[in-house]
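Coordinates from query06.pdb are shown below (PDB, C-alpha atoms, pLDDT in the B column).
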```pdb
ATOM      1  CA  MET L   1       0.208  49.713 -19.481  1.00 51.00           C
ATOM      2  CA  LEU L   2      -3.215  48.061 -19.315  1.00 46.00           C
ATOM      3  CA  GLN L   3      -2.570  46.282 -22.609  1.00 53.00           C
ATOM      4  CA  TYR L   4       0.772  44.964 -21.283  1.00 48.00           C
ATOM      5  CA  SER L   5      -0.955  43.741 -18.113  1.00 55.00           C
ATOM      6  CA  LYS L   6      -3.572  41.855 -20.155  1.00 55.00           C
ATOM      7  CA  LEU L   7      -0.869  40.288 -22.306  1.00 52.00           C
ATOM      8  CA  TRP L   8       1.065  39.189 -19.220  1.00 46.00           C
ATOM      9  CA  THR L   9      -2.086  37.719 -17.668  1.00 54.00           C
ATOM     10  CA  THR L  10      -2.853  35.803 -20.868  1.00 54.00           C
ATOM     11  CA  THR L  11       0.705  34.444 -20.960  1.00 48.00           C
ATOM     12  CA  LEU L  12       0.516  33.271 -17.355  1.00 49.00           C
ATOM     13  CA  LEU L  13      -2.826  31.553 -17.969  1.00 49.00           C
ATOM     14  CA  THR L  14      -1.419  29.803 -21.045  1.00 49.00           C
ATOM     15  CA  MET L  15       1.623  28.613 -19.118  1.00 51.00           C
ATOM     16  CA  ALA L  16      -0.574  27.356 -16.284  1.00 46.00           C
ATOM     17  CA  SER L  17      -2.746  25.441 -18.751  1.00 45.00           C
ATOM     18  CA  VAL L  18       0.293  23.826 -20.311  1.00 41.00           C
ATOM     19  CA  CYS L  19       1.570  22.808 -16.882  1.00 46.00           C
ATOM     20  CA  LEU L  20      -1.760  21.142 -16.173  1.00 45.00           C
ATOM     21  CA  ILE L  21      -1.867  19.356 -19.519  1.00 44.00           C
ATOM     22  CA  ILE L  22       1.672  17.941 -19.449  1.00 41.00           C
ATOM     23  CA  PRO L  23       1.159  15.719 -16.337  1.00 42.00           C
ATOM     24  CA  SER L  24      -2.102  14.426 -17.835  1.00 38.00           C
ATOM     25  CA  VAL L  25      -0.366  13.511 -21.089  1.00 38.00           C
ATOM     26  CA  ALA L  26       2.504  11.861 -19.200  1.00 37.00           C
ATOM     27  CA  SER L  27       0.029   9.912 -17.058  1.00 41.00           C
ATOM     28  CA  ALA L  28      -1.857   8.724 -20.150  1.00 43.00           C
ATOM     29  CA  GLN L  29       1.422   7.603 -21.715  1.00 45.00           C
ATOM     30  CA  ASP L  30       2.352   5.675 -18.555  1.00 47.00           C
ATOM     31  CA  ASP L  31      -1.069   3.989 -18.502  1.00 67.00           C
ATOM     32  CA  ALA L  32      -0.616   3.059 -22.172  1.00 84.00           C
ATOM     33  CA  LYS L  33       2.728   1.453 -21.335  1.00 88.00           C
ATOM     34  CA  GLU L  34       1.138  -0.771 -18.700  1.00 91.00           C
ATOM     35  CA  THR L  35      -1.682  -1.735 -21.059  1.00 94.00           C
ATOM     36  CA  GLU L  36       0.793  -2.563 -23.828  1.00 93.00           C
ATOM     37  CA  ARG L  37       2.870  -4.635 -21.412  1.00 93.00           C
ATOM     38  CA  VAL L  38      -0.167  -6.754 -20.523  1.00 95.00           C
ATOM     39  CA  LYS L  39      -1.041  -7.229 -24.204  1.00 95.00           C
ATOM     40  CA  GLU L  40       2.524  -8.192 -25.087  1.00 94.00           C
ATOM     41  CA  SER L  41       2.551 -10.714 -22.232  1.00 95.00           C
ATOM     42  CA  GLY L  42      -0.482 -12.340 -23.845  1.00 95.00           C
ATOM     43  CA  ASN L  43       1.389 -12.564 -27.165  1.00 93.00           C
ATOM     44  CA  VAL L  44       4.416 -14.173 -25.484  1.00 93.00           C
ATOM     45  CA  ILE L  45       2.301 -16.809 -23.726  1.00 94.00           C
ATOM     46  CA  LYS L  46       0.396 -17.641 -26.920  1.00 93.00           C
ATOM     47  CA  GLU L  47       3.601 -18.219 -28.865  1.00 88.00           C
ATOM     48  CA  LEU L  48       5.194 -20.184 -26.047  1.00 87.00           C
ATOM     49  CA  VAL L  49       2.305 -22.615 -25.581  1.00 87.00           C
ATOM     50  CA  ASP L  50       1.602 -22.958 -29.317  1.00 88.00           C
ATOM     51  CA  SER L  51       5.200 -23.749 -30.256  1.00 86.00           C
ATOM     52  CA  PRO L  52       6.286 -27.420 -30.462  1.00 86.00           C
ATOM     53  CA  SER L  53       9.499 -26.331 -28.699  1.00 84.00           C
ATOM     54  CA  GLY L  54       7.735 -24.291 -25.995  1.00 85.00           C
ATOM     55  CA  ILE L  55       6.266 -25.114 -22.582  1.00 88.00           C
ATOM     56  CA  PRO L  56       5.071 -28.723 -22.135  1.00 89.00           C
ATOM     57  CA  MET L  57       1.338 -28.817 -21.417  1.00 90.00           C
ATOM     58  CA  SER L  58       1.888 -31.414 -18.695  1.00 89.00           C
ATOM     59  CA  VAL L  59       4.029 -28.871 -16.826  1.00 92.00           C
ATOM     60  CA  LEU L  60       1.742 -25.878 -17.427  1.00 94.00           C
ATOM     61  CA  ASN L  61      -1.223 -27.916 -16.141  1.00 94.00           C
ATOM     62  CA  LYS L  62       0.534 -28.358 -12.793  1.00 93.00           C
ATOM     63  CA  SER L  63       1.406 -24.677 -12.325  1.00 95.00           C
ATOM     64  CA  GLU L  64      -0.223 -22.365  -9.776  1.00 95.00           C
ATOM     65  CA  CYS L  65       0.803 -19.071 -11.434  1.00 96.00           C
ATOM     66  CA  VAL L  66       2.368 -17.840 -14.650  1.00 97.00           C
ATOM     67  CA  ILE L  67       4.723 -14.832 -14.747  1.00 95.00           C
ATOM     68  CA  VAL L  68       5.550 -13.204 -18.100  1.00 95.00           C
ATOM     69  CA  LEU L  69       8.313 -10.610 -18.502  1.00 91.00           C
ATOM     70  CA  PRO L  70       8.335  -9.459 -22.136  1.00 90.00           C
ATOM     71  CA  SER L  71      11.406  -7.862 -23.710  1.00 79.00           C
ATOM     72  CA  VAL L  72      13.748  -7.746 -20.710  1.00 69.00           C
ATOM     73  CA  LYS L  73      16.840  -5.762 -21.682  1.00 56.00           C
ATOM     74  CA  LYS L  74      20.328  -5.482 -20.263  1.00 49.00           C
ATOM     75  CA  ALA L  75      20.962  -2.183 -18.465  1.00 46.00           C
ATOM     76  CA  GLY L  76      24.244  -1.359 -20.197  1.00 44.00           C
ATOM     77  CA  PHE L  77      27.012  -2.671 -22.431  1.00 39.00           C
ATOM     78  CA  LEU L  78      29.283  -3.728 -19.593  1.00 37.00           C
ATOM     79  CA  VAL L  79      26.644  -4.045 -16.877  1.00 39.00           C
ATOM     80  CA  ALA L  80      25.190  -7.460 -16.119  1.00 43.00           C
ATOM     81  CA  ALA L  81      22.286  -6.052 -14.089  1.00 45.00           C
ATOM     82  CA  SER L  82      18.907  -5.735 -15.755  1.00 54.00           C
ATOM     83  CA  TYR L  83      15.392  -4.577 -15.012  1.00 66.00           C
ATOM     84  CA  GLY L  84      12.247  -6.140 -16.381  1.00 81.00           C
ATOM     85  CA  ARG L  85       8.525  -5.568 -16.037  1.00 89.00           C
ATOM     86  CA  GLY L  86       5.623  -7.849 -16.783  1.00 93.00           C
ATOM     87  CA  VAL L  87       2.596  -9.580 -15.290  1.00 96.00           C
ATOM     88  CA  MET L  88       1.570 -12.507 -13.140  1.00 96.00           C
ATOM     89  CA  THR L  89      -1.722 -14.375 -13.173  1.00 97.00           C
ATOM     90  CA  CYS L  90      -2.593 -17.191 -10.756  1.00 97.00           C
ATOM     91  CA  ARG L  91      -5.329 -19.747 -10.463  1.00 96.00           C
ATOM     92  CA  ARG L  92      -7.793 -18.253  -8.016  1.00 94.00           C
ATOM     93  CA  GLY L  93      -8.852 -19.691  -4.699  1.00 91.00           C
ATOM     94  CA  ALA L  94      -7.067 -20.511  -1.454  1.00 86.00           C
ATOM     95  CA  ASP L  95      -5.697 -23.742  -2.965  1.00 89.00           C
ATOM     96  CA  PHE L  96      -4.971 -22.297  -6.445  1.00 93.00           C
ATOM     97  CA  LYS L  97      -7.364 -24.526  -8.351  1.00 91.00           C
ATOM     98  CA  GLY L  98      -9.866 -21.946  -9.658  1.00 94.00           C
ATOM     99  CA  PRO L  99      -9.940 -19.951 -12.917  1.00 96.00           C
ATOM    100  CA  TRP L 100      -7.013 -17.726 -13.929  1.00 97.00           C
ATOM    101  CA  SER L 101      -6.999 -14.355 -12.181  1.00 97.00           C
ATOM    102  CA  ALA L 102      -6.683 -10.812 -13.474  1.00 97.00           C
ATOM    103  CA  PRO L 103      -3.002  -9.903 -13.902  1.00 97.00           C
ATOM    104  CA  THR L 104      -0.913  -8.227 -11.250  1.00 96.00           C
ATOM    105  CA  MET L 105       1.985  -6.183 -12.604  1.00 96.00           C
ATOM    106  CA  MET L 106       5.453  -7.494 -11.723  1.00 95.00           C
ATOM    107  CA  GLN L 107       9.012  -6.215 -11.777  1.00 92.00           C
ATOM    108  CA  SER L 108      12.354  -8.014 -11.786  1.00 87.00           C
ATOM    109  CA  SER L 109      15.935  -7.027 -11.172  1.00 81.00           C
ATOM    110  CA  GLY L 110      19.207  -8.861 -10.895  1.00 74.00           C
ATOM    111  CA  GLY L 111      22.291 -10.094 -12.691  1.00 56.00           C
ATOM    112  CA  SER L 112      20.942 -13.363 -14.073  1.00 52.00           C
ATOM    113  CA  PHE L 113      18.580 -11.717 -16.539  1.00 54.00           C
ATOM    114  CA  GLY L 114      21.349  -9.617 -18.075  1.00 48.00           C
ATOM    115  CA  LEU L 115      23.789 -12.503 -18.290  1.00 45.00           C
ATOM    116  CA  GLN L 116      21.280 -14.856 -19.855  1.00 48.00           C
ATOM    117  CA  ALA L 117      19.936 -12.250 -22.259  1.00 47.00           C
ATOM    118  CA  GLY L 118      23.359 -11.731 -23.809  1.00 51.00           C
ATOM    119  CA  GLY L 119      22.716  -8.037 -24.398  1.00 54.00           C
ATOM    120  CA  GLN L 120      19.530  -8.457 -26.428  1.00 64.00           C
ATOM    121  CA  ALA L 121      15.846  -8.126 -25.595  1.00 72.00           C
ATOM    122  CA  THR L 122      14.580 -11.454 -24.278  1.00 83.00           C
ATOM    123  CA  ASP L 123      11.147 -12.651 -23.158  1.00 88.00           C
ATOM    124  CA  PHE L 124      10.977 -14.646 -19.928  1.00 89.00           C
ATOM    125  CA  VAL L 125       8.228 -16.870 -18.566  1.00 92.00           C
ATOM    126  CA  VAL L 126       8.236 -18.298 -15.040  1.00 94.00           C
ATOM    127  CA  LEU L 127       5.858 -21.063 -13.983  1.00 95.00           C
ATOM    128  CA  VAL L 128       5.146 -21.088 -10.243  1.00 95.00           C
ATOM    129  CA  MET L 129       4.674 -24.726  -9.309  1.00 94.00           C
ATOM    130  CA  ASN L 130       3.451 -24.677  -5.703  1.00 91.00           C
ATOM    131  CA  ASP L 131       1.608 -22.569  -3.126  1.00 90.00           C
ATOM    132  CA  GLN L 132       4.750 -21.505  -1.263  1.00 89.00           C
ATOM    133  CA  GLY L 133       6.356 -20.136  -4.420  1.00 90.00           C
ATOM    134  CA  ALA L 134       3.193 -18.231  -5.333  1.00 91.00           C
ATOM    135  CA  ARG L 135       2.899 -16.581  -1.932  1.00 89.00           C
ATOM    136  CA  ALA L 136       6.614 -15.754  -1.854  1.00 89.00           C
ATOM    137  CA  VAL L 137       6.377 -13.514  -4.934  1.00 90.00           C
ATOM    138  CA  MET L 138       2.955 -12.064  -4.086  1.00 87.00           C
ATOM    139  CA  LYS L 139       3.954 -10.678  -0.700  1.00 83.00           C
ATOM    140  CA  GLY L 140       7.001  -8.723  -1.942  1.00 81.00           C
ATOM    141  CA  LYS L 141      10.377  -8.930  -3.623  1.00 82.00           C
ATOM    142  CA  ALA L 142      11.548 -12.550  -3.556  1.00 89.00           C
ATOM    143  CA  LYS L 143      15.093 -13.538  -4.466  1.00 88.00           C
ATOM    144  CA  LEU L 144      14.890 -16.553  -6.727  1.00 88.00           C
ATOM    145  CA  GLY L 145      17.096 -19.377  -5.540  1.00 88.00           C
ATOM    146  CA  ALA L 146      16.970 -18.125  -1.942  1.00 88.00           C
ATOM    147  CA  ASP L 147      13.385 -17.186  -1.023  1.00 89.00           C
ATOM    148  CA  ALA L 148      12.005 -19.527  -3.688  1.00 88.00           C
ATOM    149  CA  SER L 149      13.798 -22.353  -5.505  1.00 91.00           C
ATOM    150  CA  ILE L 150      13.962 -22.139  -9.302  1.00 91.00           C
ATOM    151  CA  ALA L 151      15.237 -24.318 -12.150  1.00 91.00           C
ATOM    152  CA  ALA L 152      15.370 -24.211 -15.935  1.00 89.00           C
ATOM    153  CA  GLY L 153      12.105 -25.616 -17.240  1.00 89.00           C
ATOM    154  CA  PRO L 154      11.886 -28.527 -19.679  1.00 88.00           C
ATOM    155  CA  VAL L 155      11.098 -27.527 -23.275  1.00 85.00           C
ATOM    156  CA  GLY L 156       9.132 -29.309 -25.967  1.00 76.00           C
ATOM    157  CA  ARG L 157       5.445 -30.124 -26.125  1.00 68.00           C
ATOM    158  CA  ASP L 158       5.913 -33.682 -24.822  1.00 68.00           C
ATOM    159  CA  ALA L 159       8.788 -33.053 -22.398  1.00 67.00           C
ATOM    160  CA  GLU L 160       8.482 -33.858 -18.715  1.00 65.00           C
ATOM    161  CA  ALA L 161      10.058 -32.315 -15.608  1.00 58.00           C
ATOM    162  CA  SER L 162      12.218 -35.402 -15.128  1.00 57.00           C
ATOM    163  CA  THR L 163      15.279 -34.460 -13.057  1.00 52.00           C
ATOM    164  CA  ASN L 164      15.075 -34.285  -9.258  1.00 50.00           C
ATOM    165  CA  GLY L 165      16.070 -30.604  -9.215  1.00 51.00           C
ATOM    166  CA  THR L 166      13.401 -29.685 -11.731  1.00 57.00           C
ATOM    167  CA  MET L 167      10.648 -31.736 -10.103  1.00 65.00           C
ATOM    168  CA  SER L 168      11.294 -30.244  -6.647  1.00 79.00           C
ATOM    169  CA  ALA L 169      11.715 -26.594  -7.755  1.00 89.00           C
ATOM    170  CA  GLN L 170       9.056 -24.083  -6.725  1.00 92.00           C
ATOM    171  CA  MET L 171       9.462 -22.312 -10.065  1.00 93.00           C
ATOM    172  CA  LEU L 172      10.456 -23.265 -13.616  1.00 93.00           C
ATOM    173  CA  SER L 173      11.766 -20.604 -15.986  1.00 91.00           C
ATOM    174  CA  TYR L 174      11.955 -20.153 -19.753  1.00 90.00           C
ATOM    175  CA  SER L 175      13.391 -17.636 -22.189  1.00 86.00           C
ATOM    176  CA  ARG L 176      12.695 -16.651 -25.791  1.00 84.00           C
ATOM    177  CA  ALA L 177      15.192 -14.725 -27.896  1.00 81.00           C
ATOM    178  CA  LYS L 178      14.902 -14.348 -31.676  1.00 77.00           C
ATOM    179  CA  GLY L 179      12.134 -16.947 -31.727  1.00 76.00           C
ATOM    180  CA  VAL L 180      14.171 -19.631 -29.937  1.00 81.00           C
ATOM    181  CA  PHE L 181      12.713 -21.062 -26.717  1.00 81.00           C
ATOM    182  CA  ALA L 182      14.877 -22.507 -23.935  1.00 85.00           C
ATOM    183  CA  GLY L 183      14.816 -23.435 -20.285  1.00 86.00           C
ATOM    184  CA  VAL L 184      16.956 -20.920 -18.403  1.00 84.00           C
ATOM    185  CA  SER L 185      18.100 -20.467 -14.825  1.00 80.00           C
ATOM    186  CA  LEU L 186      17.152 -17.161 -13.204  1.00 84.00           C
ATOM    187  CA  SER L 187      18.692 -17.864  -9.804  1.00 84.00           C
ATOM    188  CA  GLY L 188      19.739 -14.662  -8.072  1.00 85.00           C
ATOM    189  CA  THR L 189      17.085 -12.523  -9.703  1.00 86.00           C
ATOM    190  CA  SER L 190      14.635 -10.580  -7.507  1.00 88.00           C
ATOM    191  CA  LEU L 191      10.987 -10.703  -8.490  1.00 90.00           C
ATOM    192  CA  GLY L 192       7.889  -9.117  -6.967  1.00 92.00           C
ATOM    193  CA  PRO L 193       4.754  -6.983  -7.499  1.00 94.00           C
ATOM    194  CA  ASP L 194       5.034  -3.567  -9.166  1.00 94.00           C
ATOM    195  CA  SER L 195       2.733  -1.439  -6.975  1.00 94.00           C
ATOM    196  CA  ALA L 196       3.035   1.741  -9.056  1.00 94.00           C
ATOM    197  CA  ALA L 197       2.177  -0.121 -12.263  1.00 95.00           C
ATOM    198  CA  ASN L 198      -0.804  -1.817 -10.590  1.00 95.00           C
ATOM    199  CA  GLU L 199      -2.135   1.596  -9.541  1.00 95.00           C
ATOM    200  CA  LYS L 200      -1.885   2.850 -13.123  1.00 94.00           C
ATOM    201  CA  LEU L 201      -3.509  -0.262 -14.590  1.00 95.00           C
ATOM    202  CA  TYR L 202      -6.404  -0.461 -12.091  1.00 95.00           C
ATOM    203  CA  GLY L 203      -6.793   3.252 -11.384  1.00 93.00           C
ATOM    204  CA  LYS L 204      -6.284   2.888  -7.635  1.00 94.00           C
ATOM    205  CA  LYS L 205      -3.850   1.548  -5.074  1.00 95.00           C
ATOM    206  CA  VAL L 206      -4.330  -2.190  -4.897  1.00 95.00           C
ATOM    207  CA  GLU L 207      -2.317  -5.106  -3.501  1.00 94.00           C
ATOM    208  CA  ALA L 208      -1.223  -8.056  -5.631  1.00 94.00           C
ATOM    209  CA  THR L 209      -3.159 -10.407  -3.347  1.00 93.00           C
ATOM    210  CA  GLN L 210      -6.358  -8.398  -3.930  1.00 95.00           C
ATOM    211  CA  ILE L 211      -5.921  -8.670  -7.686  1.00 96.00           C
ATOM    212  CA  ILE L 212      -5.321 -12.423  -7.550  1.00 94.00           C
ATOM    213  CA  GLU L 213      -8.301 -12.884  -5.217  1.00 93.00           C
ATOM    214  CA  GLY L 214     -10.553 -10.937  -7.593  1.00 93.00           C
ATOM    215  CA  SER L 215     -11.383  -8.023  -5.287  1.00 92.00           C
ATOM    216  CA  ALA L 216      -9.500  -5.311  -7.211  1.00 92.00           C
ATOM    217  CA  GLY L 217     -12.269  -4.548  -9.681  1.00 88.00           C
ATOM    218  CA  ALA L 218     -12.826  -5.357 -13.334  1.00 92.00           C
ATOM    219  CA  THR L 219     -10.202  -7.298 -15.281  1.00 95.00           C
ATOM    220  CA  PRO L 220      -8.470  -4.997 -17.807  1.00 95.00           C
ATOM    221  CA  ASP L 221      -9.451  -5.540 -21.455  1.00 96.00           C
ATOM    222  CA  SER L 222      -5.744  -5.760 -22.275  1.00 96.00           C
ATOM    223  CA  ALA L 223      -5.592  -9.100 -20.428  1.00 97.00           C
ATOM    224  CA  LYS L 224      -8.165 -10.835 -22.646  1.00 96.00           C
ATOM    225  CA  GLN L 225      -5.681 -12.762 -24.809  1.00 96.00           C
ATOM    226  CA  LEU L 226      -3.455 -13.735 -21.878  1.00 97.00           C
ATOM    227  CA  LEU L 227      -6.355 -15.199 -19.901  1.00 97.00           C
ATOM    228  CA  ALA L 228      -8.094 -16.701 -22.945  1.00 97.00           C
ATOM    229  CA  VAL L 229      -4.959 -18.634 -23.956  1.00 97.00           C
ATOM    230  CA  LEU L 230      -4.329 -19.942 -20.440  1.00 97.00           C
ATOM    231  CA  THR L 231      -7.988 -20.861 -19.934  1.00 97.00           C
ATOM    232  CA  GLN L 232      -8.082 -22.730 -23.235  1.00 96.00           C
ATOM    233  CA  LYS L 233      -4.754 -24.511 -22.854  1.00 95.00           C
ATOM    234  CA  SER L 234      -4.824 -25.182 -19.110  1.00 96.00           C
ATOM    235  CA  PRO L 235      -8.331 -24.778 -17.635  1.00 95.00           C
ATOM    236  CA  ARG L 236      -7.625 -26.636 -14.391  1.00 93.00           C
ATOM    237  CA  ASN L 237      -4.789 -27.417 -12.020  1.00 94.00           C
ATOM    238  CA  VAL L 238      -3.883 -31.108 -12.189  1.00 92.00           C
ATOM    239  CA  SER L 239      -1.020 -31.073  -9.701  1.00 84.00           C
ATOM    240  CA  SER L 240      -1.098 -33.565  -6.838  1.00 68.00           C
ATOM    241  CA  GLY L 241      -3.876 -32.912  -4.350  1.00 63.00           C
ATOM    242  CA  LYS L 242      -5.741 -30.342  -6.487  1.00 66.00           C
TER     243      LYS L 242
END
```
Please render this file's structure as structure tokens.
Amino acid sequence: MLQYSKLWTTTLLTMASVCLIIPSVASAQDDAKETERVKESGNVIKELVDSPSGIPMSVLNKSECVIVLPSVKKAGFLVAASYGRGVMTCRRGADFKGPWSAPTMMQSSGGSFGLQAGGQATDFVVLVMNDQGARAVMKGKAKLGADASIAAGPVGRDAEASTNGTMSAQMLSYSRAKGVFAGVSLSGTSLGPDSAANEKLYGKKVEATQIIEGSAGATPDSAKQLLAVLTQKSPRNVSSGK
């Protein structure tokens, strides 16, 4: 009887240990996903600014923030809705003319992503062109086209935002699928900070505004390429009044 009791106790202790280990492993895997998402966002930006058919430097130099949503996928075969996750970095300072900030994690949802993606994984980049657009997405879920105006961005290294709709838009959006870059409309899509992902990436609850302001702590190592590319290609904001 004593031997059976010891065996039962050992079994219970083993099960308890496993129960403690599993959440830790799951948490580590979640943290790895956020880190990988930041790294992949850096890869997308590098390819988009290095490509002759990517984002025009004259447009990037006038942006306040850059949002990258790598590998957005359609939710289902007959479902237009989609869900994407990525990052946003902004030029620091009250007037958005300082150095690029640490990334805040972002999430998107809405029909436009699924319809534009055509059922395949697609990378999206959104340039935020003025202060109002930047604050709209930082404070919570913003519906593009309603809470913030958006237009398909011009493509090509020497292209300019020439049409009235493009020049006046608060945001310009781009897509990349199978290596092909294009301006794409994301009107109707909701976009905002991903609080849970920010907590995993920074190890504490932190607001998107705190991250952009630089008060959230150290910048993650995973953001090195993203920030290095933007700092090299667009070190200062040259938009009117900056």
When you count all atoms listed in the file, which of these residues is closest to Ser53 in chain L: L:Ala182, L:Leu230, L:Leu201, L:Ala102? L:Ala182
One decimal place gives the CA of Asn43 in chain L-CA of Pro70 in chain L separation as 9.1 Å
Quick check on the file I pasted: which residues fall under the PyMOL selection byres ((chain L and resi 135-144) around 7)? Write them as an MDAnalysis selection string. chainID L and resid 131:134 145:150 186:193 208:209
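Here CA of Pro52 in chain L is placed at a distance of 11.1 Å from CA of Val180 in chain L.
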Expansion of the PyMOL selection byres ((chain L and resi 126) around 9) into residues, as a ChimeraX atom specification: /L:65-69,124-125,127-128,150,153,171-175
Between CA of Trp100 in chain L and CA of Ile212 in chain L, what distance in Å does the model show, to one decimal?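 So the answer is 8.5 Å.
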Could you state which residues are captured by the PyMOL selection byres ((chain L and resi 213) around 10) in this file, as a list of chain:residue names?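 So the PyMOL selection byres ((chain L and resi 213) around 10), applied here, picks out L:Cys90, L:Arg91, L:Arg92, L:Gly93, L:Ala94, L:Ser101, L:Ala102, L:Glu207, L:Ala208, L:Thr209, L:Gln210, L:Ile211, L:Ile212, L:Gly214, L:Ser215, L:Ala216.
Using only C-alpha atoms, the nearest neighbour of Ser239 in chain L within the list L:Lys46, L:Lys204, L:Lys62, L:Lys39 is L:Lys62.
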Cut-off 10 Å around (4.4, -5.7, -12.5) with all atoms listed in the file: residues as a PyMOL selection string: chain L and resi 34+37-38+67-69+84-88+103-108+191-198+201+208
Please produce range 60-71 of chain L, completed to N, CA and C atoms, as a PDB file, in the frame of the given file.
```pdb
ATOM      1  N   LEU L  60       2.638 -27.024 -17.605  1.00 94.00           N
ATOM      2  CA  LEU L  60       1.742 -25.878 -17.427  1.00 94.00           C
ATOM      3  C   LEU L  60       0.512 -26.262 -16.610  1.00 94.00           C
ATOM      4  N   ASN L  61      -0.009 -27.468 -16.839  1.00 94.00           N
ATOM      5  CA  ASN L  61      -1.223 -27.916 -16.141  1.00 94.00           C
ATOM      6  C   ASN L  61      -1.012 -28.117 -14.648  1.00 94.00           C
ATOM      7  N   LYS L  62       0.243 -28.186 -14.221  1.00 93.00           N
ATOM      8  CA  LYS L  62       0.534 -28.358 -12.793  1.00 93.00           C
ATOM      9  C   LYS L  62       0.943 -27.048 -12.123  1.00 93.00           C
ATOM     10  N   SER L  63       0.952 -25.958 -12.875  1.00 95.00           N
ATOM     11  CA  SER L  63       1.406 -24.677 -12.325  1.00 95.00           C
ATOM     12  C   SER L  63       0.308 -23.961 -11.553  1.00 95.00           C
ATOM     13  N   GLU L  64       0.716 -23.169 -10.554  1.00 95.00           N
ATOM     14  CA  GLU L  64      -0.223 -22.365  -9.776  1.00 95.00           C
ATOM     15  C   GLU L  64      -0.355 -20.962 -10.380  1.00 95.00           C
ATOM     16  N   CYS L  65       0.767 -20.422 -10.867  1.00 96.00           N
ATOM     17  CA  CYS L  65       0.803 -19.071 -11.434  1.00 96.00           C
ATOM     18  C   CYS L  65       1.712 -19.064 -12.659  1.00 96.00           C
ATOM     19  N   VAL L  66       1.501 -18.063 -13.499  1.00 97.00           N
ATOM     20  CA  VAL L  66       2.368 -17.840 -14.650  1.00 97.00           C
ATOM     21  C   VAL L  66       2.827 -16.391 -14.613  1.00 97.00           C
ATOM     22  N   ILE L  67       4.135 -16.176 -14.707  1.00 95.00           N
ATOM     23  CA  ILE L  67       4.723 -14.832 -14.747  1.00 95.00           C
ATOM     24  C   ILE L  67       5.333 -14.623 -16.126  1.00 95.00           C
ATOM     25  N   VAL L  68       5.007 -13.513 -16.777  1.00 95.00           N
ATOM     26  CA  VAL L  68       5.550 -13.204 -18.100  1.00 95.00           C
ATOM     27  C   VAL L  68       6.266 -11.860 -18.023  1.00 95.00           C
ATOM     28  N   LEU L  69       7.510 -11.835 -18.466  1.00 91.00           N
ATOM     29  CA  LEU L  69       8.313 -10.610 -18.502  1.00 91.00           C
ATOM     30  C   LEU L  69       8.757 -10.392 -19.947  1.00 91.00           C
ATOM     31  N   PRO L  70       7.987  -9.634 -20.725  1.00 90.00           N
ATOM     32  CA  PRO L  70       8.335  -9.459 -22.136  1.00 90.00           C
ATOM     33  C   PRO L  70       9.459  -8.458 -22.340  1.00 90.00           C
ATOM     34  N   SER L  71      10.344  -8.777 -23.260  1.00 79.00           N
ATOM     35  CA  SER L  71      11.406  -7.862 -23.710  1.00 79.00           C
ATOM     36  C   SER L  71      12.254  -7.300 -22.577  1.00 79.00           C
TER      37      SER L  71
END
```
